[in-house]
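Colleague: Would you mind keeping the following structure in view while I ask a few things?
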Amino acid sequence: AIVKTFILTGQRRTETSLMKWADLKDLDGSNPLWLIPKENSKNKRLHDVPLSPEAVEIIKSMPKFEGCPFVFTHGKTALNGFPKLKTRLDEKIGEENEKGIAEWTYHDLRRTMATKMNDMGLARESVVEAILNHVSGHKRGVAGVYNRAAYLEERRKALNTWAQIVTQKITGSNIITLRAGA
């Protein structure tokens, strides 16, 4: 579930593993949002992540443990053990696809999302950068002083379209379909 959330949101693995139920807003409404607190963000900036219906479905499928604030957990602490998880994923991919896939890292999921969003014209570069919580050329220097846009609705539209593409429209022998609970 956590890897599916990486893929659907494009957020960093540590930030995602630290997702708390209290950080989630309007999960049952029309504008669900995940607020990454600045203390959990790599660049120490508050980051709001619009959640697609597919991401919400995954999040809502996670069990809640009394006394544990984390969404991705085994009951007490935030999920960790990412190397072991990746080994299990690589084994699963090998079972489902006899050719396997090229060596990959979790960060490749962010890079792939950014690349494909740009290639497919899902959002302009500044919006993709905002999704990733990057402060790059579009927000650095003088441009950053004057451009304070959050691009929230554009990010929501791009992430919703991305989720539909990833979960429903892509087919091929090297694609493993994402389903909640799978």
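Note on naming: chains are A, B, ... as they come in the structure tokens, residues start from 1 per chain, ligands start from 1 in the order shown.
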Could you give me the residues within chain A that DSSP places in strand (DSSP E or B), as a compact mmCIF listing (two decimals) with all heavy atoms, in the first residue's frame?
Modeller:
```
# COMPACT_ATOMS: atom_id res chain seq x y z
N LYS A 20 0.39 10.74 8.98
CA LYS A 20 -0.45 10.49 10.15
C LYS A 20 -1.91 10.73 9.77
O LYS A 20 -2.22 11.55 8.90
CB LYS A 20 -0.06 11.42 11.30
CG LYS A 20 1.33 11.15 11.85
CD LYS A 20 1.66 12.12 12.96
CE LYS A 20 3.07 11.85 13.46
NZ LYS A 20 3.46 12.87 14.45
N LEU A 24 -4.42 14.17 7.39
CA LEU A 24 -5.34 13.95 6.26
C LEU A 24 -6.62 14.74 6.46
O LEU A 24 -7.22 14.70 7.54
CB LEU A 24 -5.64 12.46 6.12
CG LEU A 24 -4.39 11.60 5.88
CD1 LEU A 24 -4.69 10.13 6.12
CD2 LEU A 24 -3.84 11.83 4.49
N LYS A 25 -7.03 15.43 5.42
CA LYS A 25 -8.22 16.29 5.48
C LYS A 25 -9.20 15.91 4.37
O LYS A 25 -8.79 15.59 3.25
CB LYS A 25 -7.84 17.77 5.31
CG LYS A 25 -6.75 18.25 6.25
CD LYS A 25 -7.13 18.15 7.70
CE LYS A 25 -5.99 18.62 8.59
NZ LYS A 25 -5.98 17.99 9.89
N LEU A 33 -6.99 15.96 1.01
CA LEU A 33 -5.68 16.58 1.06
C LEU A 33 -4.84 15.93 2.16
O LEU A 33 -5.35 15.58 3.22
CB LEU A 33 -5.88 18.07 1.39
CG LEU A 33 -4.77 19.04 1.13
CD1 LEU A 33 -4.42 19.12 -0.35
CD2 LEU A 33 -5.16 20.42 1.64
N TRP A 34 -3.58 15.79 1.87
CA TRP A 34 -2.60 15.33 2.85
C TRP A 34 -1.66 16.50 3.12
O TRP A 34 -1.03 17.02 2.20
CB TRP A 34 -1.86 14.12 2.29
CG TRP A 34 -0.61 13.71 2.99
CD1 TRP A 34 -0.28 13.87 4.31
CD2 TRP A 34 0.49 13.02 2.39
NE1 TRP A 34 0.95 13.32 4.56
CE2 TRP A 34 1.44 12.79 3.40
CE3 TRP A 34 0.75 12.57 1.09
CZ2 TRP A 34 2.64 12.14 3.15
CZ3 TRP A 34 1.94 11.92 0.85
CH2 TRP A 34 2.87 11.70 1.88
N LEU A 35 -1.58 16.92 4.35
CA LEU A 35 -0.71 18.02 4.75
C LEU A 35 0.57 17.44 5.35
O LEU A 35 0.53 16.86 6.44
CB LEU A 35 -1.40 18.93 5.77
CG LEU A 35 -2.73 19.53 5.31
CD1 LEU A 35 -3.41 20.26 6.46
CD2 LEU A 35 -2.52 20.46 4.13
N ILE A 36 1.68 17.58 4.64
CA ILE A 36 2.96 17.11 5.16
C ILE A 36 3.54 18.24 6.01
O ILE A 36 3.86 19.31 5.49
CB ILE A 36 3.93 16.74 4.02
CG1 ILE A 36 3.34 15.62 3.15
CG2 ILE A 36 5.29 16.31 4.59
CD1 ILE A 36 4.19 15.26 1.94
N HIS A 47 3.86 21.14 3.07
CA HIS A 47 3.53 20.74 1.70
C HIS A 47 2.17 20.08 1.70
O HIS A 47 1.95 19.09 2.42
CB HIS A 47 4.60 19.78 1.17
CG HIS A 47 4.38 19.33 -0.24
ND1 HIS A 47 4.15 20.20 -1.28
CD2 HIS A 47 4.36 18.09 -0.78
CE1 HIS A 47 4.01 19.51 -2.41
NE2 HIS A 47 4.12 18.23 -2.12
N ASP A 48 1.25 20.61 0.93
CA ASP A 48 -0.07 20.00 0.83
C ASP A 48 -0.15 19.19 -0.46
O ASP A 48 0.22 19.66 -1.53
CB ASP A 48 -1.18 21.04 0.93
CG ASP A 48 -1.00 22.22 0.00
OD1 ASP A 48 0.11 22.41 -0.53
OD2 ASP A 48 -1.98 22.96 -0.22
N VAL A 49 -0.64 17.97 -0.32
CA VAL A 49 -0.70 17.02 -1.43
C VAL A 49 -2.15 16.69 -1.72
O VAL A 49 -2.81 16.02 -0.90
CB VAL A 49 0.08 15.73 -1.10
CG1 VAL A 49 0.05 14.76 -2.28
CG2 VAL A 49 1.51 16.05 -0.68
N PRO A 50 -2.69 17.13 -2.85
CA PRO A 50 -4.04 16.71 -3.22
C PRO A 50 -4.05 15.20 -3.43
O PRO A 50 -3.13 14.65 -4.03
CB PRO A 50 -4.30 17.45 -4.53
CG PRO A 50 -3.29 18.55 -4.58
CD PRO A 50 -2.10 18.04 -3.83
N PHE A 70 0.13 6.76 12.95
CA PHE A 70 0.60 6.59 11.58
C PHE A 70 -0.37 5.78 10.72
O PHE A 70 -0.99 4.83 11.18
CB PHE A 70 1.98 5.92 11.58
CG PHE A 70 3.02 6.72 12.30
CD1 PHE A 70 3.45 6.34 13.56
CD2 PHE A 70 3.54 7.88 11.74
CE1 PHE A 70 4.39 7.10 14.25
CE2 PHE A 70 4.47 8.64 12.41
CZ PHE A 70 4.90 8.25 13.68
N THR A 73 1.80 1.50 9.12
CA THR A 73 2.38 1.02 10.37
C THR A 73 2.05 -0.45 10.55
O THR A 73 1.15 -0.99 9.90
CB THR A 73 1.83 1.83 11.55
OG1 THR A 73 2.43 1.36 12.76
CG2 THR A 73 0.32 1.72 11.67
N ALA A 78 6.02 4.28 12.71
CA ALA A 78 5.93 4.45 11.25
C ALA A 78 6.61 3.28 10.56
O ALA A 78 7.62 2.75 11.06
CB ALA A 78 6.58 5.77 10.83
```
Colleague: Which residue out of A:Thr105, A:Ser61, A:Asn133, A:Thr5 has the minimum interatomic distance to A:Arg155 when only C-alpha atoms are used?
Modeller: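 Ranking A:Thr105, A:Ser61, A:Asn133, A:Thr5 by distance to A:Arg155, first place goes to A:Asn133.
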Colleague: Using only C-alpha atoms, pick whichever of A:Pro32, A:Trp104, A:Leu8, A:Gly94 has the shortest atom-to-atom distance to A:Trp162.
Modeller: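 Counting only C-alpha atoms, the residue closest to A:Trp162 is A:Leu8.
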Colleague: Which of stretch 103-134 of chain A counts as helix (DSSP H, G or I) under DSSP, as JSON, numbers by chain please?
Modeller: {"A": [106, 107, 108, 109, 110, 111, 112, 113, 114, 115, 116, 117, 118, 119, 125, 126, 127, 128, 129, 130, 131]}
Colleague: Show which residues sit within 10 Å of A:Lys76, as a VMD selection string. Count only C-alpha atoms, and ignore same-chain residues fewer than 4 positions away.
Modeller: chain A and resid 65 to 70 72
Colleague: With distances taken over only C-alpha atoms, which residue among A:Met19, A:Phe82, A:Tyr106, A:Met117 lies nearest A:Pro37?
Modeller: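 Of all the options, A:Met19 lies closest to A:Pro37.
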Colleague: Counting only C-alpha atoms, what is within 12 Å of A:Gly29, bar same-chain residues fewer than 6 positions away, as a list in words?
Modeller: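 Near neighbours after the sequence-gap exclusion: Pro50, Leu51, Ser52, Pro53 and Val56 of chain A.
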Colleague: Next, the residues of the selection above should be written as a PDB file, in the first residue's frame with C-alpha atoms.
Modeller:
```
ATOM      1  CA  PRO A  50      -4.041  16.708  -3.217  1.00  0.00           C
ATOM      2  CA  LEU A  51      -5.162  13.084  -3.041  1.00  0.00           C
ATOM      3  CA  SER A  52      -6.737  11.273  -5.965  1.00  0.00           C
ATOM      4  CA  PRO A  53      -9.713   8.985  -5.302  1.00  0.00           C
ATOM      5  CA  VAL A  56      -7.803   7.916  -0.810  1.00  0.00           C
TER       6      VAL A  56
END
```
Colleague: Between A:Asn31, A:Gln168, A:Thr87, A:Thr112, which is the closest to A:Leu152 once you count only C-alpha atoms?
Modeller: A:Asn31
Colleague: Check the smallest atom-to-atom distance from each of A:Glu15, A:Val3, A:Asn43, A:Glu54 to A:Thr167 using only C-alpha atoms, then report the winner.
Modeller: A:Glu54
Colleague: Just to confirm, what's the straight-line distance from atom CA of A:Thr14 to atom CA of A:Asn40 in Å (one decimal)?
Modeller: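 Computing the Euclidean distance for atom CA of A:Thr14 and atom CA of A:Asn40 yields 7.9 Å.
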Colleague: Report, in Å to a single decimal, how far apart atom CA of A:Thr161 and atom CA of A:Asn80 are.
Modeller: 29.1 Å
Colleague: Would you mind telling me which residue in A:Met62, A:Lys86, A:Ala149, A:Ala158 lies nearest to A:His74 when using only C-alpha atoms?
Modeller: A:Met62
Colleague: Within 12 Å of A:Ala102, counting only C-alpha atoms, which residues show up once you throw out same-chain ones fewer than 6 positions away? Write them as an MDAnalysis selection string, please.
Modeller: chainID A and resid 90 93:94 108 174
Colleague: With all heavy atoms retained, export the selected residues as a CSV table (one decimal), in the first residue's frame.
Modeller:
```
chain,number,residue,atom,x,y,z
A,90,ASP,N,10.8,-6.9,-5.6
A,90,ASP,CA,11.5,-7.4,-6.8
A,90,ASP,C,11.2,-8.9,-7.0
A,90,ASP,O,11.1,-9.3,-8.2
A,90,ASP,CB,13.0,-7.2,-6.5
A,90,ASP,CG,13.5,-5.8,-6.7
A,90,ASP,OD1,12.7,-5.0,-7.3
A,90,ASP,OD2,14.6,-5.4,-6.2
A,93,ILE,N,7.7,-9.1,-8.6
A,93,ILE,CA,7.8,-8.6,-10.0
A,93,ILE,C,8.4,-9.7,-10.8
A,93,ILE,O,7.9,-10.0,-11.9
A,93,ILE,CB,8.6,-7.3,-10.1
A,93,ILE,CG1,7.8,-6.2,-9.5
A,93,ILE,CG2,8.9,-7.0,-11.6
A,93,ILE,CD1,8.6,-4.9,-9.3
A,94,GLY,N,9.4,-10.4,-10.4
A,94,GLY,CA,10.0,-11.5,-11.1
A,94,GLY,C,9.1,-12.6,-11.3
A,94,GLY,O,9.1,-13.3,-12.4
A,108,ASP,N,13.2,6.4,-8.1
A,108,ASP,CA,12.8,6.2,-9.6
A,108,ASP,C,11.3,6.4,-9.7
A,108,ASP,O,10.9,6.9,-10.8
A,108,ASP,CB,13.3,4.9,-10.1
A,108,ASP,CG,14.8,4.7,-10.3
A,108,ASP,OD1,15.4,5.8,-10.5
A,108,ASP,OD2,15.2,3.6,-10.2
A,174,ASN,N,4.8,-5.5,-19.0
A,174,ASN,CA,5.7,-5.0,-18.0
A,174,ASN,C,5.1,-4.1,-17.0
A,174,ASN,O,5.7,-3.5,-16.2
A,174,ASN,CB,6.9,-4.3,-18.6
A,174,ASN,CG,6.5,-3.0,-19.3
A,174,ASN,OD1,5.4,-2.9,-19.7
A,174,ASN,ND2,7.4,-2.1,-19.5
```
